[in-house]
$ cat final.txt   # compact mmCIF, N, CA and C atoms
# COMPACT_ATOMS: atom_id res chain seq x y z
N MET A 1 0.53 -50.17 -35.46
CA MET A 1 -0.51 -50.90 -36.16
C MET A 1 -1.86 -50.73 -35.48
N SER A 2 -1.90 -50.64 -34.17
CA SER A 2 -3.17 -50.53 -33.48
C SER A 2 -3.94 -49.28 -33.87
N LEU A 3 -3.23 -48.22 -34.28
CA LEU A 3 -3.92 -47.01 -34.70
C LEU A 3 -4.72 -47.22 -35.97
N LEU A 4 -4.26 -48.12 -36.82
CA LEU A 4 -4.96 -48.40 -38.07
C LEU A 4 -6.26 -49.17 -37.84
N HIS A 5 -6.35 -49.84 -36.73
CA HIS A 5 -7.46 -50.74 -36.49
C HIS A 5 -8.28 -50.38 -35.26
N GLY A 6 -8.08 -49.22 -34.72
CA GLY A 6 -8.77 -48.84 -33.50
C GLY A 6 -7.88 -49.06 -32.29
N SER A 7 -8.14 -48.30 -31.26
CA SER A 7 -7.27 -48.33 -30.09
C SER A 7 -7.27 -49.67 -29.36
N ASP A 8 -8.31 -50.46 -29.53
CA ASP A 8 -8.38 -51.74 -28.83
C ASP A 8 -8.03 -52.94 -29.71
N PHE A 9 -7.48 -52.70 -30.88
CA PHE A 9 -7.20 -53.76 -31.85
C PHE A 9 -6.33 -54.87 -31.25
N LEU A 10 -5.21 -54.51 -30.66
CA LEU A 10 -4.31 -55.52 -30.12
C LEU A 10 -4.93 -56.28 -28.97
N GLN A 11 -5.75 -55.62 -28.17
CA GLN A 11 -6.45 -56.30 -27.07
C GLN A 11 -7.47 -57.29 -27.62
N ARG A 12 -8.20 -56.89 -28.67
CA ARG A 12 -9.17 -57.80 -29.28
C ARG A 12 -8.47 -59.00 -29.90
N ALA A 13 -7.33 -58.77 -30.54
CA ALA A 13 -6.57 -59.87 -31.15
C ALA A 13 -6.07 -60.83 -30.08
N ALA A 14 -5.57 -60.30 -28.98
CA ALA A 14 -5.10 -61.15 -27.89
C ALA A 14 -6.25 -61.98 -27.31
N ALA A 15 -7.40 -61.37 -27.16
CA ALA A 15 -8.56 -62.09 -26.65
C ALA A 15 -8.99 -63.18 -27.64
N ALA A 16 -8.94 -62.89 -28.92
CA ALA A 16 -9.31 -63.88 -29.93
C ALA A 16 -8.40 -65.09 -29.87
N ARG A 17 -7.12 -64.86 -29.63
CA ARG A 17 -6.16 -65.96 -29.57
C ARG A 17 -6.53 -67.01 -28.52
N SER A 18 -7.18 -66.59 -27.47
CA SER A 18 -7.56 -67.54 -26.43
C SER A 18 -8.74 -68.41 -26.84
N GLN A 19 -9.36 -68.08 -27.97
CA GLN A 19 -10.56 -68.80 -28.41
C GLN A 19 -10.40 -69.53 -29.73
N ILE A 20 -9.22 -69.42 -30.32
CA ILE A 20 -8.99 -70.03 -31.63
C ILE A 20 -7.81 -70.99 -31.58
N ARG A 21 -7.63 -71.69 -32.67
CA ARG A 21 -6.46 -72.56 -32.84
C ARG A 21 -5.42 -71.78 -33.65
N GLU A 22 -4.22 -71.68 -33.11
CA GLU A 22 -3.12 -71.08 -33.85
C GLU A 22 -2.11 -72.17 -34.19
N SER A 23 -1.43 -71.99 -35.30
CA SER A 23 -0.44 -72.97 -35.72
C SER A 23 0.80 -72.24 -36.21
N ASP A 24 1.95 -72.85 -35.98
CA ASP A 24 3.18 -72.27 -36.51
C ASP A 24 3.29 -72.63 -37.99
N ALA A 25 4.34 -72.15 -38.64
CA ALA A 25 4.50 -72.36 -40.08
C ALA A 25 4.53 -73.84 -40.45
N ASN A 26 5.22 -74.66 -39.68
CA ASN A 26 5.25 -76.10 -40.00
C ASN A 26 3.87 -76.72 -39.92
N GLY A 27 3.10 -76.36 -38.91
CA GLY A 27 1.74 -76.87 -38.79
C GLY A 27 0.87 -76.42 -39.95
N VAL A 28 1.04 -75.18 -40.36
CA VAL A 28 0.26 -74.66 -41.49
C VAL A 28 0.65 -75.40 -42.77
N LYS A 29 1.93 -75.68 -42.95
CA LYS A 29 2.36 -76.44 -44.13
C LYS A 29 1.69 -77.80 -44.17
N HIS A 30 1.57 -78.46 -43.02
CA HIS A 30 0.88 -79.76 -42.97
C HIS A 30 -0.60 -79.60 -43.30
N LEU A 31 -1.23 -78.55 -42.79
CA LEU A 31 -2.63 -78.32 -43.10
C LEU A 31 -2.83 -78.09 -44.60
N ILE A 32 -1.94 -77.31 -45.19
CA ILE A 32 -2.02 -77.06 -46.64
C ILE A 32 -1.84 -78.37 -47.41
N ALA A 33 -0.86 -79.17 -47.00
CA ALA A 33 -0.62 -80.46 -47.67
C ALA A 33 -1.84 -81.37 -47.56
N ASP A 34 -2.60 -81.22 -46.49
CA ASP A 34 -3.81 -82.02 -46.29
C ASP A 34 -5.04 -81.41 -46.96
N GLY A 35 -4.86 -80.30 -47.69
CA GLY A 35 -5.97 -79.73 -48.46
C GLY A 35 -6.63 -78.50 -47.89
N ALA A 36 -6.06 -77.90 -46.86
CA ALA A 36 -6.67 -76.70 -46.29
C ALA A 36 -6.65 -75.55 -47.30
N THR A 37 -7.67 -74.73 -47.24
CA THR A 37 -7.72 -73.50 -48.02
C THR A 37 -7.07 -72.40 -47.20
N VAL A 38 -6.19 -71.63 -47.84
CA VAL A 38 -5.52 -70.52 -47.16
C VAL A 38 -6.20 -69.22 -47.55
N ILE A 39 -6.70 -68.51 -46.55
CA ILE A 39 -7.33 -67.21 -46.76
C ILE A 39 -6.40 -66.14 -46.19
N ASP A 40 -5.95 -65.24 -47.04
CA ASP A 40 -5.07 -64.14 -46.65
C ASP A 40 -5.94 -62.91 -46.46
N VAL A 41 -6.02 -62.40 -45.24
CA VAL A 41 -6.97 -61.32 -44.92
C VAL A 41 -6.33 -59.93 -44.98
N ARG A 42 -5.16 -59.82 -45.59
CA ARG A 42 -4.53 -58.51 -45.73
C ARG A 42 -5.17 -57.71 -46.85
N GLU A 43 -4.79 -56.47 -46.96
CA GLU A 43 -5.27 -55.61 -48.03
C GLU A 43 -4.68 -56.06 -49.36
N PRO A 44 -5.36 -55.81 -50.47
CA PRO A 44 -4.88 -56.28 -51.78
C PRO A 44 -3.44 -55.88 -52.11
N GLU A 45 -3.04 -54.68 -51.75
CA GLU A 45 -1.66 -54.27 -52.07
C GLU A 45 -0.63 -55.05 -51.23
N GLU A 46 -1.00 -55.42 -50.02
CA GLU A 46 -0.12 -56.26 -49.20
C GLU A 46 -0.01 -57.66 -49.81
N TYR A 47 -1.16 -58.20 -50.19
CA TYR A 47 -1.21 -59.52 -50.81
C TYR A 47 -0.38 -59.55 -52.09
N GLY A 48 -0.51 -58.51 -52.90
CA GLY A 48 0.23 -58.44 -54.16
C GLY A 48 1.73 -58.38 -53.96
N ALA A 49 2.16 -57.83 -52.82
CA ALA A 49 3.59 -57.72 -52.54
C ALA A 49 4.20 -59.05 -52.15
N GLY A 50 3.38 -60.02 -51.77
CA GLY A 50 3.89 -61.35 -51.44
C GLY A 50 2.89 -62.15 -50.63
N HIS A 51 2.56 -63.35 -51.11
CA HIS A 51 1.59 -64.21 -50.44
C HIS A 51 1.95 -65.68 -50.62
N ILE A 52 1.35 -66.51 -49.80
CA ILE A 52 1.54 -67.96 -49.90
C ILE A 52 0.93 -68.44 -51.21
N PRO A 53 1.67 -69.22 -51.99
CA PRO A 53 1.12 -69.73 -53.25
C PRO A 53 -0.21 -70.45 -53.02
N GLY A 54 -1.19 -70.13 -53.85
CA GLY A 54 -2.50 -70.77 -53.77
C GLY A 54 -3.45 -70.13 -52.78
N SER A 55 -2.99 -69.14 -52.03
CA SER A 55 -3.88 -68.49 -51.07
C SER A 55 -4.88 -67.60 -51.79
N ILE A 56 -5.97 -67.31 -51.09
CA ILE A 56 -7.03 -66.46 -51.63
C ILE A 56 -7.08 -65.19 -50.79
N ASN A 57 -7.08 -64.05 -51.45
CA ASN A 57 -7.11 -62.77 -50.76
C ASN A 57 -8.55 -62.32 -50.54
N VAL A 58 -8.91 -62.21 -49.26
CA VAL A 58 -10.21 -61.68 -48.87
C VAL A 58 -9.94 -60.72 -47.71
N ARG A 59 -10.08 -59.44 -47.95
CA ARG A 59 -9.82 -58.46 -46.89
C ARG A 59 -10.63 -58.79 -45.64
N ALA A 60 -10.01 -58.59 -44.49
CA ALA A 60 -10.67 -58.88 -43.22
C ALA A 60 -11.98 -58.12 -43.08
N SER A 61 -12.04 -56.91 -43.62
CA SER A 61 -13.23 -56.08 -43.46
C SER A 61 -14.46 -56.60 -44.19
N ILE A 62 -14.26 -57.49 -45.16
CA ILE A 62 -15.40 -58.04 -45.90
C ILE A 62 -15.48 -59.56 -45.83
N LEU A 63 -14.73 -60.14 -44.92
CA LEU A 63 -14.65 -61.60 -44.82
C LEU A 63 -16.01 -62.25 -44.66
N SER A 64 -16.82 -61.76 -43.75
CA SER A 64 -18.11 -62.42 -43.49
C SER A 64 -19.04 -62.38 -44.70
N GLN A 65 -18.92 -61.38 -45.55
CA GLN A 65 -19.75 -61.31 -46.75
C GLN A 65 -19.24 -62.23 -47.86
N GLU A 66 -17.93 -62.38 -47.97
CA GLU A 66 -17.33 -63.12 -49.08
C GLU A 66 -17.12 -64.61 -48.83
N ILE A 67 -16.88 -64.97 -47.59
CA ILE A 67 -16.45 -66.34 -47.30
C ILE A 67 -17.48 -67.42 -47.66
N PRO A 68 -18.78 -67.18 -47.52
CA PRO A 68 -19.72 -68.25 -47.90
C PRO A 68 -19.63 -68.65 -49.37
N GLY A 69 -19.25 -67.73 -50.23
CA GLY A 69 -19.09 -68.05 -51.64
C GLY A 69 -17.79 -68.77 -51.95
N ILE A 70 -16.85 -68.71 -51.03
CA ILE A 70 -15.54 -69.33 -51.23
C ILE A 70 -15.47 -70.68 -50.54
N LEU A 71 -15.91 -70.73 -49.30
CA LEU A 71 -15.90 -71.96 -48.52
C LEU A 71 -17.33 -72.40 -48.25
N LYS A 72 -17.86 -73.20 -49.14
CA LYS A 72 -19.25 -73.62 -49.01
C LYS A 72 -19.46 -74.69 -47.94
N ASP A 73 -18.42 -75.46 -47.65
CA ASP A 73 -18.49 -76.51 -46.63
C ASP A 73 -17.87 -75.99 -45.34
N PRO A 74 -18.68 -75.74 -44.31
CA PRO A 74 -18.14 -75.19 -43.07
C PRO A 74 -17.22 -76.13 -42.30
N SER A 75 -17.13 -77.39 -42.72
CA SER A 75 -16.21 -78.32 -42.06
C SER A 75 -14.86 -78.43 -42.79
N HIS A 76 -14.75 -77.76 -43.94
CA HIS A 76 -13.49 -77.79 -44.70
C HIS A 76 -12.41 -77.04 -43.93
N SER A 77 -11.22 -77.57 -43.92
CA SER A 77 -10.09 -76.97 -43.21
C SER A 77 -9.69 -75.65 -43.87
N VAL A 78 -9.52 -74.63 -43.04
CA VAL A 78 -9.12 -73.30 -43.52
C VAL A 78 -8.06 -72.72 -42.60
N VAL A 79 -7.06 -72.10 -43.21
CA VAL A 79 -6.01 -71.40 -42.47
C VAL A 79 -6.09 -69.93 -42.84
N VAL A 80 -6.12 -69.08 -41.84
CA VAL A 80 -6.19 -67.64 -42.06
C VAL A 80 -4.82 -67.06 -41.78
N VAL A 81 -4.35 -66.18 -42.70
CA VAL A 81 -3.03 -65.57 -42.54
C VAL A 81 -3.12 -64.06 -42.74
N CYS A 82 -2.15 -63.38 -42.13
CA CYS A 82 -1.98 -61.93 -42.32
C CYS A 82 -0.50 -61.63 -42.11
N ALA A 83 -0.16 -60.38 -41.96
CA ALA A 83 1.25 -60.00 -41.82
C ALA A 83 1.84 -60.40 -40.47
N GLY A 84 1.11 -60.16 -39.38
CA GLY A 84 1.68 -60.37 -38.06
C GLY A 84 0.90 -61.27 -37.14
N GLY A 85 -0.22 -61.81 -37.59
CA GLY A 85 -1.00 -62.73 -36.78
C GLY A 85 -2.17 -62.12 -36.03
N ASN A 86 -2.31 -60.80 -36.06
CA ASN A 86 -3.41 -60.16 -35.35
C ASN A 86 -4.72 -60.18 -36.14
N ARG A 87 -4.68 -59.72 -37.38
CA ARG A 87 -5.89 -59.75 -38.21
C ARG A 87 -6.36 -61.17 -38.43
N SER A 88 -5.41 -62.10 -38.60
CA SER A 88 -5.81 -63.49 -38.84
C SER A 88 -6.44 -64.10 -37.59
N ALA A 89 -6.00 -63.72 -36.41
CA ALA A 89 -6.62 -64.23 -35.18
C ALA A 89 -8.07 -63.76 -35.10
N LEU A 90 -8.28 -62.49 -35.38
CA LEU A 90 -9.66 -61.95 -35.36
C LEU A 90 -10.51 -62.58 -36.46
N ALA A 91 -9.92 -62.78 -37.62
CA ALA A 91 -10.66 -63.40 -38.73
C ALA A 91 -10.99 -64.86 -38.42
N ALA A 92 -10.08 -65.57 -37.79
CA ALA A 92 -10.35 -66.97 -37.41
C ALA A 92 -11.52 -67.03 -36.44
N LEU A 93 -11.54 -66.13 -35.48
CA LEU A 93 -12.67 -66.09 -34.55
C LEU A 93 -13.97 -65.76 -35.27
N GLU A 94 -13.90 -64.86 -36.23
CA GLU A 94 -15.09 -64.52 -37.01
C GLU A 94 -15.59 -65.73 -37.80
N LEU A 95 -14.68 -66.49 -38.38
CA LEU A 95 -15.08 -67.70 -39.11
C LEU A 95 -15.71 -68.72 -38.17
N GLN A 96 -15.15 -68.88 -37.00
CA GLN A 96 -15.76 -69.78 -36.02
C GLN A 96 -17.16 -69.31 -35.66
N ASP A 97 -17.35 -68.02 -35.50
CA ASP A 97 -18.68 -67.47 -35.20
C ASP A 97 -19.65 -67.70 -36.35
N LEU A 98 -19.12 -67.86 -37.56
CA LEU A 98 -19.95 -68.16 -38.74
C LEU A 98 -20.14 -69.66 -38.93
N ALA A 99 -19.73 -70.46 -37.94
CA ALA A 99 -19.94 -71.91 -37.89
C ALA A 99 -18.92 -72.72 -38.70
N TYR A 100 -17.80 -72.12 -39.07
CA TYR A 100 -16.72 -72.90 -39.66
C TYR A 100 -16.02 -73.63 -38.52
N THR A 101 -15.79 -74.91 -38.70
CA THR A 101 -15.36 -75.75 -37.58
C THR A 101 -13.89 -76.17 -37.62
N ALA A 102 -13.21 -75.98 -38.74
CA ALA A 102 -11.82 -76.42 -38.86
C ALA A 102 -10.94 -75.23 -39.25
N VAL A 103 -10.83 -74.28 -38.34
CA VAL A 103 -10.15 -73.00 -38.62
C VAL A 103 -8.87 -72.92 -37.81
N ALA A 104 -7.81 -72.45 -38.46
CA ALA A 104 -6.55 -72.17 -37.77
C ALA A 104 -6.02 -70.83 -38.26
N SER A 105 -5.24 -70.18 -37.43
CA SER A 105 -4.59 -68.93 -37.76
C SER A 105 -3.08 -69.13 -37.72
N LEU A 106 -2.38 -68.55 -38.68
CA LEU A 106 -0.92 -68.63 -38.69
C LEU A 106 -0.36 -67.72 -37.60
N ARG A 107 0.17 -68.34 -36.55
CA ARG A 107 0.76 -67.60 -35.43
C ARG A 107 1.93 -66.76 -35.95
N SER A 108 1.99 -65.54 -35.56
CA SER A 108 3.05 -64.59 -35.94
C SER A 108 2.98 -64.14 -37.38
N GLY A 109 2.02 -64.62 -38.13
CA GLY A 109 1.81 -64.14 -39.49
C GLY A 109 2.92 -64.48 -40.46
N LEU A 110 2.84 -63.84 -41.61
CA LEU A 110 3.77 -64.13 -42.70
C LEU A 110 5.20 -63.66 -42.42
N ARG A 111 5.39 -62.85 -41.41
CA ARG A 111 6.76 -62.41 -41.10
C ARG A 111 7.64 -63.59 -40.70
N ASP A 112 7.02 -64.68 -40.24
CA ASP A 112 7.77 -65.88 -39.87
C ASP A 112 7.62 -67.03 -40.88
N TRP A 113 7.01 -66.75 -42.04
CA TRP A 113 6.84 -67.79 -43.06
C TRP A 113 8.20 -68.07 -43.70
N PRO A 114 8.69 -69.32 -43.67
CA PRO A 114 10.05 -69.60 -44.11
C PRO A 114 10.22 -69.75 -45.62
N ASP A 115 9.16 -69.93 -46.35
CA ASP A 115 9.26 -70.19 -47.79
C ASP A 115 9.05 -68.91 -48.60
N PRO A 116 9.50 -68.94 -49.86
CA PRO A 116 9.30 -67.76 -50.71
C PRO A 116 7.81 -67.47 -50.90
N LEU A 117 7.50 -66.20 -50.96
CA LEU A 117 6.13 -65.76 -51.22
C LEU A 117 5.99 -65.41 -52.69
N VAL A 118 4.80 -65.58 -53.22
CA VAL A 118 4.50 -65.21 -54.60
C VAL A 118 4.23 -63.72 -54.63
N ARG A 119 4.84 -63.03 -55.55
CA ARG A 119 4.58 -61.61 -55.73
C ARG A 119 3.81 -61.42 -57.01
N ALA A 120 2.65 -60.80 -56.91
CA ALA A 120 1.80 -60.61 -58.08
C ALA A 120 0.77 -59.54 -57.78
N VAL A 121 0.13 -59.07 -58.81
CA VAL A 121 -0.96 -58.13 -58.63
C VAL A 121 -2.13 -58.87 -58.01
N ALA A 122 -2.69 -58.33 -56.96
CA ALA A 122 -3.79 -58.98 -56.25
C ALA A 122 -5.12 -58.71 -56.93
N ALA A 123 -5.96 -59.71 -56.93
CA ALA A 123 -7.33 -59.53 -57.42
C ALA A 123 -8.09 -58.71 -56.39
N GLY A 124 -7.88 -59.01 -55.13
CA GLY A 124 -8.39 -58.24 -54.01
C GLY A 124 -9.89 -58.15 -53.87
N ARG A 125 -10.39 -58.90 -52.95
CA ARG A 125 -11.79 -58.79 -52.58
C ARG A 125 -11.87 -57.91 -51.38

$ encode --input "final.txt" --output "structure tokens"
Amino acid sequence: MSLLHGSDFLQRAAAARSQIRESDANGVKHLIADGATVIDVREPEEYGAGHIPGSINVRASILSQEIPGILKDPSHSVVVVCAGGNRSALAALELQDLAYTAVASLRSGLRDWPDPLVRAVAAGR
């Protein structure tokens, strides 16, 4: 996976983890129940193959351009997810840098999500 994202991708993701809030699946379920918005930062074809119901697909590469139109209140709770937890860790740090204050990343990504995922064609931003 690191080859797809540059040779230092995993190092950057590990560094991001020390600066963000990560939550396991149970914690994310509680955040969702409390009204958090779920942003899935995978590619549209990955999202279409299976995603958390109600999540919004915004590719990590365009997150900073798209997120202000989606999350207008920077204090609104947001959970960032991806396949393995690396892209979401980097995206969570990016959101924090954009002044979003209630950001969490799904630790270990969707590979550890215990509930069924929705399979559908992604709109894909």

$ residues_around --input "final.txt" --residues "stretch 40-47 of chain A" --least-positions-apart "2" --cutoff "6 Å" --atoms "only N, CA and C atoms" --output "PyMOL selection string"
chain A and resi 38+49-51+55-60+80-82+120+122+124

$ write_last_selection --input "final.txt" --atoms "N, CA and C atoms" --output "mmCIF file, in the coordinates of the input"
data_model
loop_
_atom_site.group_PDB
_atom_site.id
_atom_site.type_symbol
_atom_site.label_atom_id
_atom_site.label_comp_id
_atom_site.auth_asym_id
_atom_site.auth_seq_id
_atom_site.Cartn_x
_atom_site.Cartn_y
_atom_site.Cartn_z
ATOM 1 N N VAL A 38 -6.190 -71.630 -47.840
ATOM 2 C CA VAL A 38 -5.520 -70.520 -47.160
ATOM 3 C C VAL A 38 -6.200 -69.220 -47.550
ATOM 4 N N ALA A 49 2.160 -57.830 -52.820
ATOM 5 C CA ALA A 49 3.590 -57.720 -52.540
ATOM 6 C C ALA A 49 4.200 -59.050 -52.150
ATOM 7 N N GLY A 50 3.380 -60.020 -51.770
ATOM 8 C CA GLY A 50 3.890 -61.350 -51.440
ATOM 9 C C GLY A 50 2.890 -62.150 -50.630
ATOM 10 N N HIS A 51 2.560 -63.350 -51.110
ATOM 11 C CA HIS A 51 1.590 -64.210 -50.440
ATOM 12 C C HIS A 51 1.950 -65.680 -50.620
ATOM 13 N N SER A 55 -2.990 -69.140 -52.030
ATOM 14 C CA SER A 55 -3.880 -68.490 -51.070
ATOM 15 C C SER A 55 -4.880 -67.600 -51.790
ATOM 16 N N ILE A 56 -5.970 -67.310 -51.090
ATOM 17 C CA ILE A 56 -7.030 -66.460 -51.630
ATOM 18 C C ILE A 56 -7.080 -65.190 -50.790
ATOM 19 N N ASN A 57 -7.080 -64.050 -51.450
ATOM 20 C CA ASN A 57 -7.110 -62.770 -50.760
ATOM 21 C C ASN A 57 -8.550 -62.320 -50.540
ATOM 22 N N VAL A 58 -8.910 -62.210 -49.260
ATOM 23 C CA VAL A 58 -10.210 -61.680 -48.870
ATOM 24 C C VAL A 58 -9.940 -60.720 -47.710
ATOM 25 N N ARG A 59 -10.080 -59.440 -47.950
ATOM 26 C CA ARG A 59 -9.820 -58.460 -46.890
ATOM 27 C C ARG A 59 -10.630 -58.790 -45.640
ATOM 28 N N ALA A 60 -10.010 -58.590 -44.490
ATOM 29 C CA ALA A 60 -10.670 -58.880 -43.220
ATOM 30 C C ALA A 60 -11.980 -58.120 -43.080
ATOM 31 N N VAL A 80 -6.120 -69.080 -41.840
ATOM 32 C CA VAL A 80 -6.190 -67.640 -42.060
ATOM 33 C C VAL A 80 -4.820 -67.060 -41.780
ATOM 34 N N VAL A 81 -4.350 -66.180 -42.700
ATOM 35 C CA VAL A 81 -3.030 -65.570 -42.540
ATOM 36 C C VAL A 81 -3.120 -64.060 -42.740
ATOM 37 N N CYS A 82 -2.150 -63.380 -42.130
ATOM 38 C CA CYS A 82 -1.980 -61.930 -42.320
ATOM 39 C C CYS A 82 -0.500 -61.630 -42.110
ATOM 40 N N ALA A 120 2.650 -60.800 -56.910
ATOM 41 C CA ALA A 120 1.800 -60.610 -58.080
ATOM 42 C C ALA A 120 0.770 -59.540 -57.780
ATOM 43 N N ALA A 122 -2.690 -58.330 -56.960
ATOM 44 C CA ALA A 122 -3.790 -58.980 -56.250
ATOM 45 C C ALA A 122 -5.120 -58.710 -56.930
ATOM 46 N N GLY A 124 -7.880 -59.010 -55.130
ATOM 47 C CA GLY A 124 -8.390 -58.240 -54.010
ATOM 48 C C GLY A 124 -9.890 -58.150 -53.870
#

$ atom_distance --input "final.txt" --atom1 "atom N of A:Ser105" --atom2 "atom N of A:Ser23"
4.7 Å

$ closest_residue --input "final.txt" --among "A:Ala14, A:Ala91, A:Val79, A:Ile52" --to "A:Leu31" --atoms "only C-alpha atoms"
A:Val79

$ closest_residue --input "final.txt" --among "A:Val118, A:Leu71, A:Leu106, A:Ile39" --to "A:Ala89" --atoms "only C-alpha atoms"
A:Leu106

$ residues_around --input "final.txt" --residues "A:Tyr100" --least-positions-apart "6" --cutoff "10 Å" --atoms "only C-alpha atoms" --output "NGL selection string"
:A and (68 or 71-78 or 92-94)

$ write_last_selection --input "final.txt" --atoms "N, CA and C atoms" --output "PDB file, in the coordinates of the input"
ATOM      1  N   PRO A  68     -18.780 -67.180 -47.520  1.00  0.00           N
ATOM      2  CA  PRO A  68     -19.720 -68.250 -47.900  1.00  0.00           C
ATOM      3  C   PRO A  68     -19.630 -68.650 -49.370  1.00  0.00           C
ATOM      4  N   LEU A  71     -15.910 -70.730 -49.300  1.00  0.00           N
ATOM      5  CA  LEU A  71     -15.900 -71.960 -48.520  1.00  0.00           C
ATOM      6  C   LEU A  71     -17.330 -72.400 -48.250  1.00  0.00           C
ATOM      7  N   LYS A  72     -17.860 -73.200 -49.140  1.00  0.00           N
ATOM      8  CA  LYS A  72     -19.250 -73.620 -49.010  1.00  0.00           C
ATOM      9  C   LYS A  72     -19.460 -74.690 -47.940  1.00  0.00           C
ATOM     10  N   ASP A  73     -18.420 -75.460 -47.650  1.00  0.00           N
ATOM     11  CA  ASP A  73     -18.490 -76.510 -46.630  1.00  0.00           C
ATOM     12  C   ASP A  73     -17.870 -75.990 -45.340  1.00  0.00           C
ATOM     13  N   PRO A  74     -18.680 -75.740 -44.310  1.00  0.00           N
ATOM     14  CA  PRO A  74     -18.140 -75.190 -43.070  1.00  0.00           C
ATOM     15  C   PRO A  74     -17.220 -76.130 -42.300  1.00  0.00           C
ATOM     16  N   SER A  75     -17.130 -77.390 -42.720  1.00  0.00           N
ATOM     17  CA  SER A  75     -16.210 -78.320 -42.060  1.00  0.00           C
ATOM     18  C   SER A  75     -14.860 -78.430 -42.790  1.00  0.00           C
ATOM     19  N   HIS A  76     -14.750 -77.760 -43.940  1.00  0.00           N
ATOM     20  CA  HIS A  76     -13.490 -77.790 -44.700  1.00  0.00           C
ATOM     21  C   HIS A  76     -12.410 -77.040 -43.930  1.00  0.00           C
ATOM     22  N   SER A  77     -11.220 -77.570 -43.920  1.00  0.00           N
ATOM     23  CA  SER A  77     -10.090 -76.970 -43.210  1.00  0.00           C
ATOM     24  C   SER A  77      -9.690 -75.650 -43.870  1.00  0.00           C
ATOM     25  N   VAL A  78      -9.520 -74.630 -43.040  1.00  0.00           N
ATOM     26  CA  VAL A  78      -9.120 -73.300 -43.520  1.00  0.00           C
ATOM     27  C   VAL A  78      -8.060 -72.720 -42.600  1.00  0.00           C
ATOM     28  N   ALA A  92     -10.080 -65.570 -37.790  1.00  0.00           N
ATOM     29  CA  ALA A  92     -10.350 -66.970 -37.410  1.00  0.00           C
ATOM     30  C   ALA A  92     -11.520 -67.030 -36.440  1.00  0.00           C
ATOM     31  N   LEU A  93     -11.540 -66.130 -35.480  1.00  0.00           N
ATOM     32  CA  LEU A  93     -12.670 -66.090 -34.550  1.00  0.00           C
ATOM     33  C   LEU A  93     -13.970 -65.760 -35.270  1.00  0.00           C
ATOM     34  N   GLU A  94     -13.900 -64.860 -36.230  1.00  0.00           N
ATOM     35  CA  GLU A  94     -15.090 -64.520 -37.010  1.00  0.00           C
ATOM     36  C   GLU A  94     -15.590 -65.730 -37.800  1.00  0.00           C
TER      37      GLU A  94
END

$ residues_around --input "final.txt" --residues "A:Arg107" --least-positions-apart "4" --cutoff "7 Å" --atoms "all atoms listed in the file" --output "tab-separated table (two decimals) with N, CA and C atoms, keeping the file's coordinate frame"
chain	number	residue	atom	x	y	z
A	22	GLU	N	-4.22	-71.68	-33.11
A	22	GLU	CA	-3.12	-71.08	-33.85
A	22	GLU	C	-2.11	-72.17	-34.19
A	23	SER	N	-1.43	-71.99	-35.30
A	23	SER	CA	-0.44	-72.97	-35.72
A	23	SER	C	0.80	-72.24	-36.21
A	24	ASP	N	1.95	-72.85	-35.98
A	24	ASP	CA	3.18	-72.27	-36.51
A	24	ASP	C	3.29	-72.63	-37.99
A	25	ALA	N	4.34	-72.15	-38.64
A	25	ALA	CA	4.50	-72.36	-40.08
A	25	ALA	C	4.53	-73.84	-40.45
A	84	GLY	N	1.11	-60.16	-39.38
A	84	GLY	CA	1.68	-60.37	-38.06
A	84	GLY	C	0.90	-61.27	-37.14
A	85	GLY	N	-0.22	-61.81	-37.59
A	85	GLY	CA	-1.00	-62.73	-36.78
A	85	GLY	C	-2.17	-62.12	-36.03
A	112	ASP	N	7.02	-64.68	-40.24
A	112	ASP	CA	7.77	-65.88	-39.87
A	112	ASP	C	7.62	-67.03	-40.88

$ atom_distance --input "final.txt" --atom1 "atom C of A:Ile70" --atom2 "atom N of A:Val103"
13.5 Å

$ select_by_dssp --input "final.txt" --residues "chain A" --states "alpha helix (DSSP H)" --output "ChimeraX atom specification"
/A:9-17,25-33,44-49,63-70,86-97

$ atom_distance --input "final.txt" --atom1 "atom N of A:Gly27" --atom2 "atom CA of A:Ala83"
16.7 Å

$ closest_residue --input "final.txt" --among "A:Leu117, A:Ala33, A:Leu95, A:Leu90" --to "A:Gln11" --atoms "only C-alpha atoms"
A:Leu90

$ select_by_dssp --input "final.txt" --residues "chain A" --states "strand (DSSP E or B)" --output "MDAnalysis selection string"
chainID A and resid 22:23 37:40 51 56:57 78:81 103:106 118

$ closest_residue --input "final.txt" --among "A:Arg119, A:Asn86, A:Gly35, A:Ser108" --to "A:Ala15" --atoms "only C-alpha atoms"
A:Asn86
